[in-house]
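Novice: Sharing my_file-v8.cif below, mmCIF, C-alpha atoms and all ligand atoms:
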data_model
#
loop_
_atom_site.label_atom_id
_atom_site.label_comp_id
_atom_site.auth_asym_id
_atom_site.auth_seq_id
_atom_site.Cartn_x
_atom_site.Cartn_y
_atom_site.Cartn_z
CA MET A 23 -103.85 70.09 21.56
CA ASP A 24 -107.21 69.25 20.09
CA LEU A 25 -105.63 68.41 16.77
CA ALA A 26 -102.94 66.37 18.49
CA ILE A 27 -105.51 64.26 20.25
CA ARG A 28 -107.46 63.73 17.04
CA THR A 29 -104.24 62.70 15.31
CA ILE A 30 -103.63 60.07 17.94
CA LYS A 31 -107.14 58.71 17.83
CA GLY A 32 -107.04 58.62 14.04
CA SER A 33 -103.77 56.75 14.04
CA GLY A 34 -105.14 54.26 16.52
CA THR A 35 -107.92 53.25 14.18
CA ASP A 36 -105.68 52.13 11.38
CA PRO A 37 -102.91 49.94 12.72
CA GLY A 38 -101.29 46.93 11.16
CA ASN A 39 -100.39 48.19 7.70
CA SER A 40 -97.84 50.91 8.33
CA ALA A 41 -94.83 48.68 7.65
CA GLY A 42 -96.05 47.29 4.36
CA GLY A 43 -97.37 44.10 5.90
CA PRO A 44 -100.35 42.05 4.80
CA ALA A 45 -103.42 43.98 3.68
CA ALA A 46 -105.75 42.45 6.27
CA PRO A 47 -104.81 43.49 9.82
CA THR A 48 -104.96 40.70 12.35
CA TRP A 49 -105.80 43.08 15.14
CA ALA A 50 -108.77 45.42 15.25
CA PRO A 51 -108.81 48.01 18.01
CA VAL A 52 -112.01 48.67 19.90
CA PRO A 53 -113.16 51.76 21.73
CA PRO A 54 -111.68 51.86 25.22
CA THR A 55 -114.02 51.46 28.16
CA HIS A 56 -112.47 54.59 29.54
CA VAL A 57 -112.10 58.01 27.94
CA PRO A 58 -108.69 59.61 28.66
CA ILE A 59 -108.93 62.38 31.21
CA ASP A 60 -108.06 66.00 30.55
CA LEU A 61 -104.82 66.80 32.31
CA GLN A 62 -104.29 70.14 33.98
CA ARG A 63 -101.10 72.10 33.46
CA THR A 64 -99.33 72.65 36.78
CA PRO A 65 -97.52 75.85 37.84
CA ASP A 66 -94.18 74.15 37.17
CA ASP A 67 -95.26 73.55 33.53
CA ARG A 68 -95.96 69.85 33.89
CA PHE A 69 -99.28 67.99 33.92
CA SER A 70 -101.44 66.36 36.58
CA GLY A 71 -104.80 64.63 36.77
CA SER A 72 -106.37 61.39 37.90
CA CYS A 73 -109.21 58.92 37.44
CA ASP A 74 -109.99 55.52 38.90
CA LEU A 75 -107.60 53.73 36.52
CA TYR A 76 -104.49 55.93 36.67
CA SER A 77 -103.08 59.16 37.99
CA VAL A 78 -100.56 61.68 36.71
CA GLU A 79 -98.54 63.83 39.10
CA HIS A 80 -96.22 66.32 37.42
CA ASN A 81 -95.71 64.00 34.41
CA ARG A 82 -95.25 60.92 36.62
CA ILE A 83 -97.77 58.25 35.61
CA THR A 84 -99.15 55.70 38.08
CA ILE A 85 -101.31 52.88 36.69
CA LEU A 86 -103.90 51.93 39.31
CA SER A 87 -105.34 49.05 37.28
CA THR A 88 -103.48 45.72 37.08
CA ASP A 89 -103.75 42.25 35.59
CA ALA A 90 -100.85 40.89 37.64
CA ALA A 91 -100.65 38.44 40.54
CA ALA A 92 -98.00 38.17 43.24
CA HIS A 93 -97.18 34.55 42.40
CA ARG A 94 -96.34 35.36 38.76
CA LEU A 95 -92.57 35.34 39.23
CA PRO A 96 -89.69 33.97 37.13
CA SER A 97 -89.34 30.20 37.44
CA GLY A 98 -86.83 27.50 36.62
CA TYR A 99 -83.84 29.15 38.27
CA PRO A 100 -83.08 30.70 41.69
CA LEU A 101 -84.39 34.20 42.47
CA GLU A 102 -81.09 35.09 44.14
CA LYS A 103 -77.44 35.01 43.20
CA VAL A 104 -76.07 31.47 43.06
CA VAL A 105 -72.60 30.78 41.61
CA GLU A 106 -71.47 27.18 41.10
CA SER A 107 -68.01 25.97 42.07
CA ASP A 108 -66.90 26.11 38.43
CA GLY A 109 -67.87 29.78 38.21
CA SER A 110 -71.01 29.26 36.15
CA ALA A 111 -74.27 30.87 37.21
CA ASN A 112 -77.91 30.92 36.16
CA TYR A 113 -80.26 32.97 38.29
CA TYR A 114 -82.66 35.93 38.41
CA GLU A 115 -81.80 39.20 40.14
CA ARG A 116 -84.64 41.55 41.17
CA GLN A 117 -84.31 45.07 39.77
CA GLU A 118 -85.54 47.47 42.43
CA LEU A 119 -87.45 50.64 41.60
CA SER A 120 -84.40 52.77 42.35
CA SER A 121 -82.13 50.81 39.99
CA LYS A 122 -80.78 52.32 36.80
CA CYS A 123 -82.43 49.48 34.88
CA SER A 124 -85.89 50.12 36.35
CA ARG A 125 -85.65 53.84 35.71
CA SER A 126 -84.56 53.27 32.12
CA TRP A 127 -87.58 51.00 31.48
CA ARG A 128 -90.00 53.37 33.22
CA LYS A 129 -88.74 56.36 31.23
CA ILE A 130 -89.38 54.64 27.90
CA ILE A 131 -92.81 53.37 28.99
CA GLY A 132 -93.82 56.78 30.42
CA ARG A 133 -92.58 58.61 27.34
CA PHE A 134 -94.77 56.60 24.97
CA LEU A 135 -97.77 56.39 27.30
CA ALA A 136 -97.75 60.18 27.34
CA VAL A 137 -97.81 60.16 23.55
CA LYS A 138 -100.53 57.50 23.25
CA MET A 139 -102.78 58.51 26.12
CA PHE A 140 -102.34 62.27 26.37
CA GLY A 141 -100.80 63.55 23.15
CA ARG A 142 -97.77 64.84 25.05
CA VAL A 143 -94.08 64.45 24.29
CA SER A 144 -91.11 64.39 26.62
CA ASP A 145 -88.49 67.04 26.13
CA ASP A 146 -85.70 65.17 24.38
CA SER A 147 -82.91 67.27 25.84
CA GLY A 148 -81.93 64.42 28.12
CA ASN A 149 -81.90 65.65 31.67
CA ASP A 150 -84.91 67.89 31.35
CA PRO A 151 -87.09 67.45 34.42
CA LYS A 152 -90.21 67.64 32.26
CA ILE A 153 -89.74 64.09 31.03
CA TRP A 154 -92.66 61.72 31.40
CA ILE A 155 -92.03 58.59 33.42
CA LEU A 156 -93.93 55.62 34.81
CA LYS A 157 -93.66 56.29 38.55
CA GLU A 158 -93.77 52.58 39.40
CA PHE A 159 -94.92 49.37 37.78
CA PRO A 160 -98.56 48.33 38.31
CA LEU A 161 -99.34 46.23 41.40
CA HIS A 162 -97.57 42.82 41.46
CA TYR A 163 -95.38 43.61 38.44
CA THR A 164 -91.66 43.01 39.13
CA LEU A 165 -88.57 43.55 36.99
CA TRP A 166 -85.85 40.88 36.88
CA ARG A 167 -82.45 40.41 35.28
CA HIS A 168 -81.79 36.83 34.15
CA ILE A 169 -78.04 36.22 34.43
CA LYS A 170 -76.52 33.24 32.67
CA THR A 171 -72.78 32.83 32.95
CA ALA A 172 -70.98 29.85 31.47
CA ASP A 173 -67.51 31.18 32.24
CA GLN A 174 -65.70 34.51 32.44
CA ARG A 175 -65.93 35.08 28.70
CA ARG A 176 -69.44 33.85 28.04
CA SER A 177 -72.21 35.65 29.89
CA ARG A 178 -75.74 36.65 28.93
CA GLN A 179 -78.18 38.94 30.68
CA ASP A 180 -81.84 39.54 29.81
CA VAL A 181 -84.18 41.92 31.63
CA LEU A 182 -87.78 40.72 31.92
CA LEU A 183 -90.95 42.17 33.39
CA TYR A 184 -93.07 39.59 35.24
CA GLY A 185 -96.45 39.68 36.94
CA THR A 186 -99.08 39.72 34.19
CA THR A 187 -101.50 36.79 34.15
CA GLU A 188 -102.24 37.29 30.44
CA VAL A 189 -98.81 36.48 28.98
CA THR A 190 -95.52 35.00 30.25
CA ASN A 191 -93.50 38.20 30.56
CA PHE A 192 -92.35 41.28 28.67
CA ALA A 193 -88.80 41.27 27.35
CA SER A 194 -88.39 45.01 26.71
CA PRO A 195 -90.08 48.26 27.77
CA TYR A 196 -91.37 48.63 24.21
CA GLU A 197 -93.19 45.29 24.51
CA PHE A 198 -95.05 46.53 27.59
CA ILE A 199 -96.19 49.98 26.38
CA LEU A 200 -99.44 48.93 24.68
CA HIS A 201 -100.26 46.43 27.42
CA ALA A 202 -99.89 49.30 29.90
CA GLU A 203 -102.20 51.37 27.70
CA TRP A 204 -104.71 48.49 27.84
CA LEU A 205 -104.56 48.57 31.65
CA MET A 206 -105.09 52.34 31.64
CA LYS A 207 -108.16 51.92 29.42
CA GLY A 208 -109.90 49.55 31.80
CA LYS A 209 -108.75 46.13 30.48
CA PRO A 210 -111.45 45.62 27.82
CA TYR A 211 -112.00 42.02 26.65
CA SER A 212 -113.56 40.74 23.45
CA PRO A 213 -117.15 39.51 23.76
CA GLY A 214 -118.06 35.86 23.28
CA PRO A 215 -117.41 32.54 24.98
CA LYS A 216 -113.61 32.95 24.89
CA PRO A 217 -112.90 36.55 25.80
CA LYS A 218 -109.45 37.84 24.90
CA PRO A 219 -107.74 41.07 25.98
CA GLN A 220 -108.49 43.77 23.42
CA CYS A 221 -104.89 44.87 23.71
CA GLY A 222 -102.50 45.95 20.97
CA CYS A 223 -99.34 44.52 22.53
CA LYS A 224 -97.24 41.94 20.73
CA TYR A 225 -98.48 39.01 22.78
CA CYS A 226 -102.19 39.84 22.99
CA SER A 227 -102.56 41.00 19.38
CA GLY A 228 -100.07 38.72 17.62
CA ARG A 229 -98.54 41.70 15.80
CA LYS A 230 -94.80 42.03 15.25
CA GLN A 231 -92.97 44.16 17.80
CA GLN A 232 -91.08 45.90 14.99
CA VAL A 233 -94.39 47.16 13.57
CA ILE A 234 -95.68 48.27 16.97
CA THR A 235 -92.48 50.13 17.86
CA GLN A 236 -92.44 51.89 14.49
CA GLU A 237 -96.07 52.98 14.97
CA LEU A 238 -95.21 54.44 18.36
CA ARG A 239 -92.21 56.32 16.97
CA ASP A 240 -94.23 57.61 14.01
CA LEU A 241 -96.92 58.85 16.37
CA GLU A 242 -94.36 60.68 18.51
CA ARG A 243 -92.71 62.18 15.42
CA ASP A 244 -96.05 63.45 14.08
CA LEU A 245 -96.88 64.97 17.44
CA ILE A 246 -93.52 66.76 17.64
CA ARG A 247 -93.94 68.08 14.09
CA TYR A 248 -97.41 69.36 14.91
CA GLN A 249 -96.17 71.10 18.02
CA HIS A 250 -93.22 72.65 16.22
CA ALA A 251 -95.58 73.90 13.53
CA ARG A 252 -97.79 75.47 16.19
CA THR A 253 -95.02 77.16 18.14
CA GLY A 254 -92.24 77.57 15.61
CA ASN A 255 -89.95 76.61 18.45
CA PRO A 256 -88.59 73.07 18.47
CA SER A 257 -87.54 73.34 22.11
CA THR A 258 -91.00 74.18 23.42
CA GLN A 259 -92.92 71.43 25.11
CA TYR A 260 -96.69 71.31 24.92
ZN ZN B 301 -101.38 42.89 25.88
#
If you took the structure in this file and wrote it as structure tokens, what would it be?
Ligand SMILES: [Zn+2]

Specialist:
Amino acid sequence: MDLAIRTIKGSGTDPGNSAGGPAAPTWAPVPPTHVPIDLQRTPDDRFSGSCDLYSVEHNRITILSTDAAAHRLPSGYPLEKVVESDGSANYYERQELSSKCSRSWRKIIGRFLAVKMFGRVSDDSGNDPKIWILKEFPLHYTLWRHIKTADQRRSRQDVLLYGTTEVTNFASPYEFILHAEWLMKGKPYSPGPKPKPQCGCKYCSGRKQQVITQELRDLERDLIRYQHARTGNPSTQY
């Protein structure tokens, strides 16, 4: 575990060049204002712990910090189903917490937050109850499906996470992971007359999402390799 945590911290200090990009990174991470807590292993072999910024209950992460506001909703089209007389439609549909879509997003976000924040990996066997998940989105964040239908054969749907006051929205769970990490670390801002979020997400840092996603996957892979090396058992979760 100690080595795993050091691996994560070490990786976090050298971002930006893992995909063969330009030599000078455009984003420089800073120490978080909050040191990740030590989680306690529960009797059911999961993890729990809490601080003033987030809590973990049996691998279910709740982010107590937020940068969102209730009025930050989708705009431009109705927030309820409206179908025109010719069959076309263009509206947003709220994705409730219990929806398949919400759960899918929260599983991906929780999985990589566990890797980034705690050096833990979800069991990849699919239905294993030990998976890590974001229990709910931070306060005033809401998930929406934008449905655009021209006719029966031409339809487009995009799922978007709204609420943040820092950027417009997040268009995939992978886009939100590092912004969620920034929330969990106490929302540090750069010093100076024009403070900016010291956040590694695509929108705050200007980095390419492809690079960010690859870094996250590499980090998870290294963690799994380390754990397998420790236990000699690829099915064991640590
Ligand atoms: Zn961000």

Novice: Report as JSON lines: every residue of chain A with an atom at most 7 Å from ligand ZN 301 (chain B), its closest pair of atoms, and their distance in Å to one decimal, counting only C-alpha atoms and all ligand atoms, with rows sorted by chain and ascending residue number.

Specialist:
{"residue": "A:Leu200", "atom": "CA", "partner": "B:ZN301", "partner_atom": "ZN", "distance": 6.5}
{"residue": "A:His201", "atom": "CA", "partner": "B:ZN301", "partner_atom": "ZN", "distance": 4.0}
{"residue": "A:Trp204", "atom": "CA", "partner": "B:ZN301", "partner_atom": "ZN", "distance": 6.8}
{"residue": "A:Pro219", "atom": "CA", "partner": "B:ZN301", "partner_atom": "ZN", "distance": 6.6}
{"residue": "A:Cys221", "atom": "CA", "partner": "B:ZN301", "partner_atom": "ZN", "distance": 4.6}
{"residue": "A:Gly222", "atom": "CA", "partner": "B:ZN301", "partner_atom": "ZN", "distance": 5.9}
{"residue": "A:Cys223", "atom": "CA", "partner": "B:ZN301", "partner_atom": "ZN", "distance": 4.2}
{"residue": "A:Lys224", "atom": "CA", "partner": "B:ZN301", "partner_atom": "ZN", "distance": 6.7}
{"residue": "A:Tyr225", "atom": "CA", "partner": "B:ZN301", "partner_atom": "ZN", "distance": 5.8}
{"residue": "A:Cys226", "atom": "CA", "partner": "B:ZN301", "partner_atom": "ZN", "distance": 4.3}
{"residue": "A:Ser227", "atom": "CA", "partner": "B:ZN301", "partner_atom": "ZN", "distance": 6.9}

Novice: Calculated over only C-alpha atoms, which of the candidates A:Ala92, A:Ala172, A:Leu75, A:Leu101 has the smallest distance to A:Arg116?

Specialist: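 Ranked by minimum distance to A:Arg116, first place goes to A:Leu101.
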
Novice: Show me the residues around (-71.8, 30.0, 34.9) - criterion: an atom at most 12 Å away, all atoms listed in the file counted - as number ranges by chain.

Specialist: A: 103-113, 169-179

Novice: I'd like the interatomic distance between atom CA of A:Leu241 and atom CA of A:Phe140, to a tenth of an Å.

Specialist: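 Here the two named atoms are 11.9 Å from each other.
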
Novice: Using all atoms listed in the file, find the one residue out of A:Asp180, A:Cys123, A:Ala90, A:Val233 that sits nearest to A:Pro160.

Specialist: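 Between A:Asp180, A:Cys123, A:Ala90, A:Val233, the residue approaching A:Pro160 most closely is A:Ala90.
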
Novice: If you count all atoms listed in the file, which residues fall within 9 Å of stretch 186-196 of chain A, apart from same-chain ones fewer than 5 positions away, as a list in words?

Specialist: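 Listed by chain and then number, they are Thr88, Asp89, Ala90, Ala91, Arg94, Pro96, Ser126, Trp127, Arg128, Lys129, Ile130, Ile131, Phe134, His162, Tyr163, Asp180, Val181, Pro219, Tyr225, Cys226, Gln231, Ile234 and Thr235 of chain A.
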
Novice: I need the chosen residues saved as a compact mmCIF listing (two decimals), in the frame of the given file, with C-alpha atoms.

Specialist:
# COMPACT_ATOMS: atom_id res chain seq x y z
CA THR A 88 -103.48 45.72 37.08
CA ASP A 89 -103.75 42.25 35.59
CA ALA A 90 -100.85 40.89 37.64
CA ALA A 91 -100.65 38.44 40.54
CA ARG A 94 -96.34 35.36 38.76
CA PRO A 96 -89.69 33.97 37.13
CA SER A 126 -84.56 53.27 32.12
CA TRP A 127 -87.58 51.00 31.48
CA ARG A 128 -90.00 53.37 33.22
CA LYS A 129 -88.74 56.36 31.23
CA ILE A 130 -89.38 54.64 27.90
CA ILE A 131 -92.81 53.37 28.99
CA PHE A 134 -94.77 56.60 24.97
CA HIS A 162 -97.57 42.82 41.46
CA TYR A 163 -95.38 43.61 38.44
CA ASP A 180 -81.84 39.54 29.81
CA VAL A 181 -84.18 41.92 31.63
CA PRO A 219 -107.74 41.07 25.98
CA TYR A 225 -98.48 39.01 22.78
CA CYS A 226 -102.19 39.84 22.99
CA GLN A 231 -92.97 44.16 17.80
CA ILE A 234 -95.68 48.27 16.97
CA THR A 235 -92.48 50.13 17.86

Novice: In Å to one decimal, how far is atom CA of A:Arg63 from atom CA of A:Ile85?

Specialist: 19.5 Å

Novice: To one decimal in Å, tell me the separation between atom CA of A:Phe198 and atom CA of A:Lys138.

Specialist: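 Computing the Euclidean distance for atom CA of A:Phe198 and atom CA of A:Lys138 yields 13.0 Å.
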
Novice: Rank A:Ala251, A:Pro215, A:Arg133, A:Ser120 by their smallest atom-to-atom distance to A:Leu238, using only C-alpha atoms, and report the top residue only.

Specialist: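 Closest candidate: A:Arg133.
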
Novice: Rank nothing, just name the residue among A:Arg247, A:Lys207, A:Arg167, A:Arg125 nearest to A:Asp74, using only C-alpha atoms.

Specialist: A:Lys207

Novice: Between A:His93, A:Lys152, A:Lys122, A:Arg82, which has the minimum distance to A:Thr164 (counting only C-alpha atoms)?

Specialist: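 Answer, going by the shortest atom-to-atom distance: A:His93.
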
Novice: Would you compute, for all listed atoms of stretch 223-236 of chain A, the axis-aligned bounding box grown by 5 Å on each side, and then report its centre and edge lengths in Å rounded to one decimal, as JSON?

Specialist:
{"center_x": -96.8, "center_y": 45.3, "center_z": 18.3, "size_x": 21.5, "size_y": 23.2, "size_z": 19.4}

Novice: Could you give me, as a short mmCIF file (atom, residue, chain, number, x, y, z; two decimals) with C-alpha atoms, in the coordinates of the input, the residues that have an atom at most 6 Å away from the point (-89.6, 54.7, 37.2) in the coordinates of the file, using all atoms listed in the file?

Specialist:
data_model
loop_
_atom_site.label_atom_id
_atom_site.label_comp_id
_atom_site.auth_asym_id
_atom_site.auth_seq_id
_atom_site.Cartn_x
_atom_site.Cartn_y
_atom_site.Cartn_z
CA SER A 124 -85.89 50.12 36.35
CA ARG A 125 -85.65 53.84 35.71
CA ARG A 128 -90.00 53.37 33.22
CA ILE A 155 -92.03 58.59 33.42
CA LEU A 156 -93.93 55.62 34.81
CA LYS A 157 -93.66 56.29 38.55
CA GLU A 158 -93.77 52.58 39.40
#

Novice: Which residue is closest to A:Ile59? Choose from A:Ser121, A:Trp166, A:Met206, A:His80 and count all atoms listed in the file.

Specialist: A:Met206

Novice: Which polymer residues have any atom within 8 Å of an atom of A:Phe69, counting all atoms listed in the file, with same-chain residues fewer than 5 positions away left out, as a PyMOL selection string?

Specialist: chain A and resi 61-64+78-81
